[in-house]
Amino acid sequence: MRKKIVAANWKMNLTLIEGAELVNDLFKGMPQLNENNLVVIAPPYTHLTQTSAQLAGMADVHLGAQNCHSETAGAYTGEISAAMLKSAEVEYVIVGHSERREYFKEDDATVAKKVNQALVNGMKVIFCCGEPLEVRDAGTQNAYVESQVRAGLFHLGDRQMNDITIAYEPIWAIGTGRTATSQQAQDMHAHIRQVLAANYGAEVANDTAILYGGSCKPSNAAELFACPDVDGGLIGGAALKASEFLGIITAMAAAVEA
Ligand code: 13P
């Protein structure tokens, strides 16, 4: 059975001290989670070692990174390889975030190579997809997201899909305060699951967690997570405040019990 997951993407925010304080506050307020709940925190690279040490006492909270390079090693000044992340105790790598696709010109082929790097190095992938506003307005979002999923993941075998979580993040909802409605989220998640089922079969499709991202906050998390195909969230802004992130984690825990 797939797990419910709430993952924090801190993006380019928080100093080391601020990050340590945030994790400390999360530690103090963390609700009791059951075996079907999982939390991931993806801080900036500079925080990984510190955050890893802090998470040592938190069995349900796992360390993530926001990106990795598409090549194994070499002359790529300023970049970080998947092997380096693994050696820093990283368990999850966010790949294909729309901000990386847009600002760093990552195309589908690069994203697919990054997926491979993370998997080959023994980490799990949070694979991001999602359409821009003009695609949503044109009503072609299903085909757009399907093409991202195919290009980024469909070279993988069934067994490798065990290590894939998908995050649907409509670009028009990221950091805008304009959350997708729970119906919009459910419709797209059901579509992604059906695309997975057509290629990999029902078992892989049912076992793959599909998270929603885009202005998710405590006030809308419960409704989103109650959707049958929404298996949690990838959280940006609301993950930077302990009280808000804890509220979203609590919504996940409640959704599982419902
Ligand atoms: P916000 O929660 O700030 O909208 O960001 C979502 C996101 O991009 C997470 O990866």
# chains A, B, ... in the order shown; residues from 1 in each chain; ligands from 1

$ residues_around --residues "Arg2 of chain A" --least-positions-apart "5" --cutoff "12 Å" --atoms "only C-alpha atoms" --output "NGL selection string"
:A and (35-38 or 162-166 or 203-211 or 228-232 or 256)

$ select_by_dssp --residues "segment 26-244 of chain A" --states "strand (DSSP E or B)" --output "number ranges by chain"
A: 37-42, 61-65, 92-95, 124-129, 164-168, 210-212, 232-235

$ closest_residue --among "A:Leu234, A:Ile126, A:Val135, A:Ala198" --to "ligand 1" --atoms "only C-alpha atoms and all ligand atoms"
A:Leu234

$ residues_near_ligand --ligand "ligand 1" --cutoff "7 Å" --atoms "only C-alpha atoms and all ligand atoms" --output "list in words"
Asn9, His97, Glu169, Ala173, Ile174, Gly175, Thr176, Gly177, Gly213, Gly214, Ser215, Cys216, Leu234, Ile235, Gly236, Gly237 and Ala238 of chain A

$ write_last_selection --atoms "all heavy atoms" --output "short mmCIF file (atom, residue, chain, number, x, y, z; two decimals), in the first residue's frame"
data_model
loop_
_atom_site.label_atom_id
_atom_site.label_comp_id
_atom_site.auth_asym_id
_atom_site.auth_seq_id
_atom_site.Cartn_x
_atom_site.Cartn_y
_atom_site.Cartn_z
N ASN A 9 9.97 21.46 0.82
CA ASN A 9 10.99 21.97 -0.09
C ASN A 9 11.30 23.39 0.37
O ASN A 9 10.53 24.31 0.11
CB ASN A 9 10.44 21.95 -1.53
CG ASN A 9 11.40 22.59 -2.52
OD1 ASN A 9 12.54 22.92 -2.17
ND2 ASN A 9 10.94 22.77 -3.75
N HIS A 97 11.76 19.86 -10.64
CA HIS A 97 10.89 20.94 -10.14
C HIS A 97 10.73 22.01 -11.24
O HIS A 97 11.66 22.29 -11.98
CB HIS A 97 11.50 21.56 -8.88
CG HIS A 97 10.53 22.43 -8.15
ND1 HIS A 97 10.23 23.71 -8.57
CD2 HIS A 97 9.77 22.20 -7.05
CE1 HIS A 97 9.32 24.21 -7.74
NE2 HIS A 97 9.03 23.33 -6.82
N GLU A 169 2.57 19.57 -9.39
CA GLU A 169 2.61 20.96 -8.93
C GLU A 169 2.23 21.89 -10.08
O GLU A 169 3.10 22.26 -10.89
CB GLU A 169 4.01 21.32 -8.43
CG GLU A 169 4.49 20.46 -7.28
CD GLU A 169 5.61 21.14 -6.51
OE1 GLU A 169 6.62 21.55 -7.12
OE2 GLU A 169 5.47 21.28 -5.29
N ALA A 173 -0.07 27.58 -9.36
CA ALA A 173 -0.44 27.49 -7.94
C ALA A 173 0.78 27.63 -7.03
O ALA A 173 0.62 27.74 -5.81
CB ALA A 173 -1.15 26.17 -7.66
N ILE A 174 1.99 27.64 -7.60
CA ILE A 174 3.19 27.65 -6.76
C ILE A 174 3.49 29.06 -6.29
O ILE A 174 3.73 29.96 -7.10
CB ILE A 174 4.40 27.08 -7.54
CG1 ILE A 174 4.18 25.60 -7.86
CG2 ILE A 174 5.68 27.27 -6.74
CD1 ILE A 174 5.29 24.98 -8.68
N GLY A 175 3.47 29.23 -4.97
CA GLY A 175 3.83 30.51 -4.37
C GLY A 175 2.87 31.64 -4.70
O GLY A 175 3.17 32.81 -4.46
N THR A 176 1.72 31.33 -5.25
CA THR A 176 0.78 32.37 -5.68
C THR A 176 -0.39 32.54 -4.72
O THR A 176 -1.14 33.49 -4.84
CB THR A 176 0.17 31.99 -7.05
OG1 THR A 176 -0.50 30.72 -6.92
CG2 THR A 176 1.24 31.89 -8.14
N GLY A 177 -0.55 31.58 -3.81
CA GLY A 177 -1.71 31.60 -2.94
C GLY A 177 -2.95 31.06 -3.64
O GLY A 177 -4.00 30.91 -3.03
N GLY A 213 1.36 19.78 -4.91
CA GLY A 213 2.13 20.94 -4.46
C GLY A 213 1.63 22.21 -5.11
O GLY A 213 1.27 22.21 -6.30
N GLY A 214 1.61 23.29 -4.35
CA GLY A 214 1.17 24.58 -4.87
C GLY A 214 0.24 25.27 -3.90
O GLY A 214 -0.96 24.98 -3.87
N SER A 215 0.83 26.16 -3.06
CA SER A 215 0.06 26.92 -2.06
C SER A 215 -0.74 26.01 -1.14
O SER A 215 -1.86 26.35 -0.72
CB SER A 215 -0.86 27.95 -2.75
OG SER A 215 -0.09 28.87 -3.50
N CYS A 216 -0.17 24.87 -0.81
CA CYS A 216 -0.79 23.98 0.18
C CYS A 216 -0.50 24.53 1.57
O CYS A 216 0.64 24.93 1.85
CB CYS A 216 -0.22 22.57 0.02
SG CYS A 216 -1.02 21.36 1.08
N LEU A 234 3.76 18.32 -1.44
CA LEU A 234 5.12 18.87 -1.50
C LEU A 234 4.96 20.36 -1.20
O LEU A 234 4.30 21.08 -1.95
CB LEU A 234 5.74 18.63 -2.88
CG LEU A 234 7.15 19.18 -3.12
CD1 LEU A 234 8.15 18.68 -2.07
CD2 LEU A 234 7.64 18.79 -4.52
N ILE A 235 5.55 20.79 -0.10
CA ILE A 235 5.20 22.08 0.49
C ILE A 235 6.37 23.06 0.38
O ILE A 235 7.49 22.73 0.80
CB ILE A 235 4.83 21.92 1.99
CG1 ILE A 235 3.98 20.65 2.23
CG2 ILE A 235 4.15 23.17 2.52
CD1 ILE A 235 2.66 20.61 1.51
N GLY A 236 6.11 24.24 -0.13
CA GLY A 236 7.13 25.28 -0.20
C GLY A 236 7.00 26.25 0.96
O GLY A 236 7.45 25.99 2.08
N GLY A 237 6.34 27.38 0.71
CA GLY A 237 6.26 28.46 1.70
C GLY A 237 5.80 28.03 3.08
O GLY A 237 6.39 28.43 4.09
N ALA A 238 4.79 27.19 3.13
CA ALA A 238 4.24 26.79 4.44
C ALA A 238 5.16 25.82 5.19
O ALA A 238 4.91 25.52 6.36
CB ALA A 238 2.85 26.17 4.26
#

$ residues_around --residues "Ile248 of chain A" --least-positions-apart "4" --cutoff "8 Å" --atoms "only C-alpha atoms" --output "CSV table (one decimal) with N, CA, C and O atoms, in the first residue's frame"
chain,number,residue,atom,x,y,z
A,6,VAL,N,4.3,13.9,3.4
A,6,VAL,CA,4.4,15.4,3.3
A,6,VAL,C,5.8,15.7,3.3
A,6,VAL,O,6.6,15.3,4.1
A,217,LYS,N,-1.5,24.6,2.4
A,217,LYS,CA,-1.3,25.1,3.8
A,217,LYS,C,-2.3,24.4,4.7
A,217,LYS,O,-3.1,23.6,4.3
A,218,PRO,N,-2.1,24.7,6.0
A,218,PRO,CA,-3.0,23.9,7.0
A,218,PRO,C,-4.5,24.1,6.6
A,218,PRO,O,-5.2,23.1,6.8
A,221,ALA,N,-5.1,21.7,3.5
A,221,ALA,CA,-4.4,20.4,3.4
A,221,ALA,C,-5.4,19.3,3.6
A,221,ALA,O,-5.4,18.3,2.9
A,222,ALA,N,-6.3,19.4,4.6
A,222,ALA,CA,-7.2,18.3,4.9
A,222,ALA,C,-8.1,18.0,3.7
A,222,ALA,O,-8.3,16.8,3.4
A,244,GLU,N,3.0,26.0,10.7
A,244,GLU,CA,2.2,25.7,9.5
A,244,GLU,C,2.5,24.3,9.0
A,244,GLU,O,1.7,23.5,8.6
A,252,MET,N,-2.2,15.3,7.3
A,252,MET,CA,-1.9,14.0,6.7
A,252,MET,C,-2.2,12.8,7.6
A,252,MET,O,-2.8,11.8,7.2

$ closest_residue --among "A:Gln66, A:Ala242, A:Pro31, A:Ile17" --to "Gln50 of chain A" --atoms "only C-alpha atoms"
A:Ile17

$ decode --residues "segment 34-57 of chain A" --atoms "N, CA, C and O atoms" --output "mmCIF file, in the first residue's frame"
data_model
loop_
_atom_site.group_PDB
_atom_site.id
_atom_site.type_symbol
_atom_site.label_atom_id
_atom_site.label_comp_id
_atom_site.auth_asym_id
_atom_site.auth_seq_id
_atom_site.Cartn_x
_atom_site.Cartn_y
_atom_site.Cartn_z
ATOM 1 N N ASN A 34 1.789 7.172 12.097
ATOM 2 C CA ASN A 34 1.765 5.715 11.978
ATOM 3 C C ASN A 34 2.641 5.260 10.821
ATOM 4 O O ASN A 34 3.247 6.074 10.122
ATOM 5 N N GLU A 35 2.697 3.954 10.616
ATOM 6 C CA GLU A 35 3.661 3.411 9.643
ATOM 7 C C GLU A 35 3.332 3.807 8.205
ATOM 8 O O GLU A 35 4.169 3.642 7.318
ATOM 9 N N ASN A 36 2.141 4.333 7.967
ATOM 10 C CA ASN A 36 1.781 4.759 6.610
ATOM 11 C C ASN A 36 2.009 6.236 6.364
ATOM 12 O O ASN A 36 1.642 6.751 5.322
ATOM 13 N N ASN A 37 2.596 6.922 7.344
ATOM 14 C CA ASN A 37 2.903 8.352 7.196
ATOM 15 C C ASN A 37 4.398 8.549 7.095
ATOM 16 O O ASN A 37 5.168 7.847 7.765
ATOM 17 N N LEU A 38 4.769 9.527 6.315
ATOM 18 C CA LEU A 38 6.199 9.793 6.161
ATOM 19 C C LEU A 38 6.392 11.281 5.900
ATOM 20 O O LEU A 38 5.601 11.893 5.181
ATOM 21 N N VAL A 39 7.421 11.842 6.515
ATOM 22 C CA VAL A 39 7.759 13.257 6.313
ATOM 23 C C VAL A 39 9.162 13.329 5.709
ATOM 24 O O VAL A 39 10.047 12.572 6.094
ATOM 25 N N VAL A 40 9.328 14.216 4.745
ATOM 26 C CA VAL A 40 10.646 14.449 4.134
ATOM 27 C C VAL A 40 10.961 15.932 4.279
ATOM 28 O O VAL A 40 10.069 16.769 4.101
ATOM 29 N N ILE A 41 12.200 16.242 4.620
ATOM 30 C CA ILE A 41 12.631 17.644 4.651
ATOM 31 C C ILE A 41 13.786 17.806 3.675
ATOM 32 O O ILE A 41 14.809 17.117 3.792
ATOM 33 N N ALA A 42 13.616 18.694 2.701
ATOM 34 C CA ALA A 42 14.656 18.950 1.700
ATOM 35 C C ALA A 42 15.175 20.377 1.868
ATOM 36 O O ALA A 42 14.630 21.322 1.298
ATOM 37 N N PRO A 43 16.232 20.533 2.668
ATOM 38 C CA PRO A 43 16.818 21.856 2.871
ATOM 39 C C PRO A 43 17.835 22.140 1.742
ATOM 40 O O PRO A 43 18.080 21.264 0.914
ATOM 41 N N PRO A 44 18.419 23.321 1.726
ATOM 42 C CA PRO A 44 19.516 23.571 0.770
ATOM 43 C C PRO A 44 20.707 22.648 1.055
ATOM 44 O O PRO A 44 20.849 22.121 2.155
ATOM 45 N N TYR A 45 21.564 22.477 0.057
ATOM 46 C CA TYR A 45 22.722 21.574 0.197
ATOM 47 C C TYR A 45 23.562 21.879 1.437
ATOM 48 O O TYR A 45 24.035 20.973 2.108
ATOM 49 N N THR A 46 23.753 23.180 1.708
ATOM 50 C CA THR A 46 24.644 23.555 2.821
ATOM 51 C C THR A 46 24.123 23.060 4.164
ATOM 52 O O THR A 46 24.877 22.976 5.127
ATOM 53 N N HIS A 47 22.836 22.745 4.244
ATOM 54 C CA HIS A 47 22.229 22.333 5.512
ATOM 55 C C HIS A 47 22.207 20.815 5.703
ATOM 56 O O HIS A 47 21.822 20.341 6.771
ATOM 57 N N LEU A 48 22.556 20.062 4.669
ATOM 58 C CA LEU A 48 22.251 18.619 4.703
ATOM 59 C C LEU A 48 22.873 17.906 5.898
ATOM 60 O O LEU A 48 22.204 17.126 6.581
ATOM 61 N N THR A 49 24.149 18.185 6.156
ATOM 62 C CA THR A 49 24.826 17.464 7.238
ATOM 63 C C THR A 49 24.217 17.823 8.590
ATOM 64 O O THR A 49 23.953 16.943 9.420
ATOM 65 N N GLN A 50 23.976 19.095 8.761
ATOM 66 C CA GLN A 50 23.353 19.553 10.019
ATOM 67 C C GLN A 50 21.958 18.943 10.186
ATOM 68 O O GLN A 50 21.606 18.424 11.253
ATOM 69 N N THR A 51 21.155 19.018 9.130
ATOM 70 C CA THR A 51 19.781 18.507 9.235
ATOM 71 C C THR A 51 19.791 17.002 9.447
ATOM 72 O O THR A 51 19.001 16.457 10.228
ATOM 73 N N SER A 52 20.697 16.319 8.770
ATOM 74 C CA SER A 52 20.808 14.867 8.943
ATOM 75 C C SER A 52 21.050 14.518 10.407
ATOM 76 O O SER A 52 20.407 13.617 10.961
ATOM 77 N N ALA A 53 21.951 15.243 11.048
ATOM 78 C CA ALA A 53 22.252 14.978 12.463
ATOM 79 C C ALA A 53 21.018 15.244 13.322
ATOM 80 O O ALA A 53 20.700 14.478 14.233
ATOM 81 N N GLN A 54 20.292 16.300 12.998
ATOM 82 C CA GLN A 54 19.084 16.616 13.790
ATOM 83 C C GLN A 54 17.994 15.565 13.611
ATOM 84 O O GLN A 54 17.228 15.296 14.531
ATOM 85 N N LEU A 55 17.931 14.998 12.398
ATOM 86 C CA LEU A 55 16.853 14.038 12.119
ATOM 87 C C LEU A 55 17.150 12.645 12.674
ATOM 88 O O LEU A 55 16.279 11.775 12.637
ATOM 89 N N ALA A 56 18.362 12.456 13.200
ATOM 90 C CA ALA A 56 18.742 11.128 13.688
ATOM 91 C C ALA A 56 17.751 10.609 14.724
ATOM 92 O O ALA A 56 17.491 9.413 14.802
ATOM 93 N N GLY A 57 17.151 11.517 15.493
ATOM 94 C CA GLY A 57 16.213 11.074 16.533
ATOM 95 C C GLY A 57 14.767 11.045 16.077
ATOM 96 O O GLY A 57 13.869 10.853 16.887
#
